[in-house]
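Only one structure is covered here, and it is reproduced in the block below.
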Amino acid sequence: MLYTLSSPSVLAADAACHPQARALLTCLTRAFSLNGDALAPQPRDAEAAAIAWGMVEFVDMTSPSMAHALTTVARGRHLPDAPTLARTRMGSARDVARLLLLESGPWPEAPQVVVPGFGAHAAPAAAAAAAAAAWWSRPELPLEHFRCLTGPWRSMMALDEAEPGATGDVLGDRADAVAEALDALGCPGTDLASLAAVRWPFGAWQNAMHAAAWAAFHHERLRAQMVAVLSATSQLVIAHPGADPVELRSALHAAHALVVGALLRDVLDAETVEALRMAEAGL
């Protein structure tokens, strides 16, 4: 899978450079914050939902991807310019939907819903997956299909466009530490250029984030890590509308290191903590 619970930065960075970034990040953050008590209705029209999922598939096939961009280079064509390349995505709407269906939360007693192309899944996960796939496919996905796929999700959510937020229920005892890091990212004095200018020794950021992911796995905080990273991404997207996608992707390294360090500092070794804390230089 291109998008996994243990590599939240990949999904978050692709979502940040999406034309519908703010709404998409809201949807993803909420989806990974759901608990086992969430209730979702069945799709009102199964046939219409199947057609809408088919349109998502069509949009996936025609949307630019990182794999397509690299294939053009392999065939001797020129690489797209940096901003265009930064807007391409590693995965597709189906990849996002699959992740949500499998990892959005524990649903021990939720009724099952058949998701076209994916089989039967818990209704809350199905609603989240459909909504995320619909946002991922906008603006190309026609509005009628978008409304069809997002209908069950909208019924679950009291508000459609509320700001995304990392909930204490998901973040547990580290909620205050993550909130402090998010506040630092949202400070008026913090800008993308400063965050993007943070430089780690070769491989240090990747190694620290990998170590953090293992710690999150062992301490059952993978969903919390995803929520923290998505929340940090939302902070930057909201604070810097219309940001250059290249600079935004670069700044996300520091933003993600900051919140991941806050979430997992109590279970990481000193070397990993120090590597993640290098992000503070961008504040």
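All residue names refer to the structure tokens as shown: chains lettered A, B, ... in order, residues numbered from 1 in each chain, ligands numbered from 1 in order.
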
Mind listing the alpha helix (DSSP H) residues of range 7-197 of chain A, per DSSP on the backbone, as a tab-separated table (two decimals) with C-alpha atoms, in the first residue's frame?
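Once written, states_28.tsv looks like this:
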chain	number	residue	atom	x	y	z
A	8	PRO	CA	1.45	9.42	7.77
A	9	SER	CA	3.69	12.03	6.16
A	10	VAL	CA	3.18	10.51	2.70
A	11	LEU	CA	-0.60	10.84	2.84
A	12	ALA	CA	-0.52	14.22	4.60
A	13	ALA	CA	1.90	15.80	2.11
A	14	ASP	CA	-0.13	14.62	-0.87
A	15	ALA	CA	-3.31	15.92	0.74
A	16	ALA	CA	-1.67	19.28	1.52
A	21	ALA	CA	-6.61	20.39	0.69
A	22	ARG	CA	-8.44	22.07	3.53
A	23	ALA	CA	-11.67	20.07	3.24
A	24	LEU	CA	-9.79	16.86	2.51
A	25	LEU	CA	-7.57	17.22	5.57
A	26	THR	CA	-10.64	17.96	7.70
A	27	CYS	CA	-12.25	14.76	6.49
A	28	LEU	CA	-9.14	12.64	7.04
A	29	THR	CA	-8.44	14.06	10.50
A	30	ARG	CA	-11.98	13.38	11.64
A	31	ALA	CA	-12.00	9.92	10.12
A	32	PHE	CA	-8.92	8.82	12.05
A	33	SER	CA	-10.33	10.42	15.21
A	46	ALA	CA	-26.78	1.51	-3.59
A	47	GLU	CA	-26.95	1.74	-7.38
A	48	ALA	CA	-26.13	5.45	-7.37
A	49	ALA	CA	-23.24	4.77	-4.95
A	50	ALA	CA	-21.85	2.11	-7.28
A	51	ILE	CA	-21.99	4.55	-10.21
A	52	ALA	CA	-20.30	7.23	-8.10
A	53	TRP	CA	-17.49	4.85	-7.15
A	54	GLY	CA	-17.10	4.07	-10.84
A	55	MET	CA	-16.63	7.77	-11.51
A	56	VAL	CA	-13.97	7.88	-8.79
A	57	GLU	CA	-12.17	5.08	-10.64
A	58	PHE	CA	-12.36	7.09	-13.87
A	59	VAL	CA	-10.96	10.21	-12.19
A	60	ASP	CA	-8.15	8.10	-10.72
A	61	MET	CA	-7.19	6.87	-14.17
A	62	THR	CA	-7.03	10.36	-15.63
A	66	MET	CA	4.00	10.65	-9.32
A	67	ALA	CA	4.33	7.27	-11.04
A	68	HIS	CA	3.15	8.76	-14.34
A	69	ALA	CA	5.56	11.69	-14.04
A	70	LEU	CA	8.50	9.38	-13.43
A	71	THR	CA	7.43	7.12	-16.32
A	72	THR	CA	7.63	10.06	-18.71
A	73	VAL	CA	11.24	10.60	-17.62
A	74	ALA	CA	12.05	6.92	-18.15
A	82	ALA	CA	8.88	21.59	-9.70
A	83	PRO	CA	5.45	23.06	-8.76
A	84	THR	CA	3.66	20.63	-11.10
A	85	LEU	CA	5.63	17.70	-9.74
A	86	ALA	CA	4.91	18.79	-6.15
A	87	ARG	CA	1.18	18.65	-6.88
A	93	ALA	CA	-8.44	7.84	-4.24
A	94	ARG	CA	-8.67	4.05	-4.01
A	95	ASP	CA	-5.48	3.95	-1.96
A	96	VAL	CA	-6.90	6.52	0.46
A	97	ALA	CA	-10.20	4.65	0.68
A	98	ARG	CA	-8.45	1.34	1.33
A	99	LEU	CA	-6.46	2.84	4.20
A	100	LEU	CA	-9.59	4.25	5.84
A	101	LEU	CA	-11.53	1.02	5.40
A	102	LEU	CA	-8.78	-0.96	7.09
A	103	GLU	CA	-7.41	1.46	9.68
A	123	ALA	CA	-20.54	1.36	8.11
A	124	PRO	CA	-18.51	4.19	9.76
A	125	ALA	CA	-15.36	3.14	7.88
A	126	ALA	CA	-17.34	2.88	4.65
A	127	ALA	CA	-18.74	6.38	5.14
A	128	ALA	CA	-15.29	7.81	5.87
A	129	ALA	CA	-13.71	6.05	2.90
A	130	ALA	CA	-16.40	7.24	0.50
A	131	ALA	CA	-16.13	10.84	1.70
A	132	ALA	CA	-12.34	10.90	1.49
A	133	ALA	CA	-12.40	9.35	-1.99
A	134	ALA	CA	-14.98	11.92	-3.07
A	135	TRP	CA	-12.89	14.86	-1.85
A	136	TRP	CA	-9.75	13.29	-3.35
A	143	LEU	CA	-21.18	17.19	-7.96
A	144	GLU	CA	-24.03	14.66	-8.02
A	145	HIS	CA	-21.59	11.78	-7.47
A	146	PHE	CA	-19.72	13.74	-4.83
A	147	ARG	CA	-22.95	14.33	-2.91
A	148	CYS	CA	-23.91	10.68	-3.19
A	149	LEU	CA	-20.60	9.47	-1.73
A	150	THR	CA	-20.44	12.05	1.02
A	151	GLY	CA	-24.08	11.65	2.12
A	152	PRO	CA	-23.53	9.04	4.86
A	153	TRP	CA	-20.47	10.91	6.14
A	154	ARG	CA	-22.34	14.20	6.31
A	155	SER	CA	-25.03	12.45	8.32
A	156	MET	CA	-22.35	11.36	10.82
A	168	GLY	CA	-7.83	14.25	23.22
A	169	ASP	CA	-9.56	10.87	22.98
A	170	VAL	CA	-7.20	9.79	20.21
A	171	LEU	CA	-4.05	11.45	21.51
A	175	ALA	CA	-2.87	15.57	23.89
A	176	ASP	CA	-1.52	18.66	25.70
A	177	ALA	CA	1.99	18.20	24.30
A	178	VAL	CA	0.66	17.86	20.75
A	179	ALA	CA	-1.64	20.87	21.22
A	180	GLU	CA	1.38	22.92	22.31
A	181	ALA	CA	3.28	21.92	19.18
A	182	LEU	CA	0.27	22.76	17.00
A	183	ASP	CA	0.00	26.17	18.66
A	184	ALA	CA	3.66	26.80	17.89
A	185	LEU	CA	3.05	25.97	14.22
A	192	LEU	CA	6.87	28.31	5.70
A	193	ALA	CA	10.27	29.57	4.66
A	194	SER	CA	11.67	29.11	8.17
A	195	LEU	CA	10.27	25.59	8.46
A	196	ALA	CA	11.42	24.67	4.96

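Pairwise distance (CA of His218 in chain A, CA of Arg265 in chain A) equals 13.8 Å.
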
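With only C-alpha atoms as the atoms that count, the minimum distance from Trp205 in chain A to the choices A:Gln235, A:Ala257, A:Asp173, A:Ser250 is reached by A:Ala257.
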
- request: Kindly give the distance, in Å, that separates CA of Ala254 in chain A and CA of Ser92 in chain A, rounded to a single decimal.
  value: 25.1 Å

- request: Extract, using only C-alpha atoms, all DNA, RNA and protein residues at most 12 Å from Trp214 in chain A, discarding same-chain residues fewer than 5 positions from it, and format them as a list in words.
  value: Leu5, Ser6, Ser7, Asn207, Ala208, Met209, His219, Glu220, Arg221, Leu222, Gln225, Val260, Leu264, Val267, Leu268, Asp269 and Thr272 of chain A

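Picture a line from CA of Pro64 in chain A to CA of Gly91 in chain A; it runs 10.1 Å.
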
task: Within range 72-188 of chain A, find each residue whose DSSP state, derived from the backbone, is strand (DSSP E), and express the selection as JSON, numbers by chain.
output: {"A": [112, 113, 114, 115, 119, 120, 121, 122]}
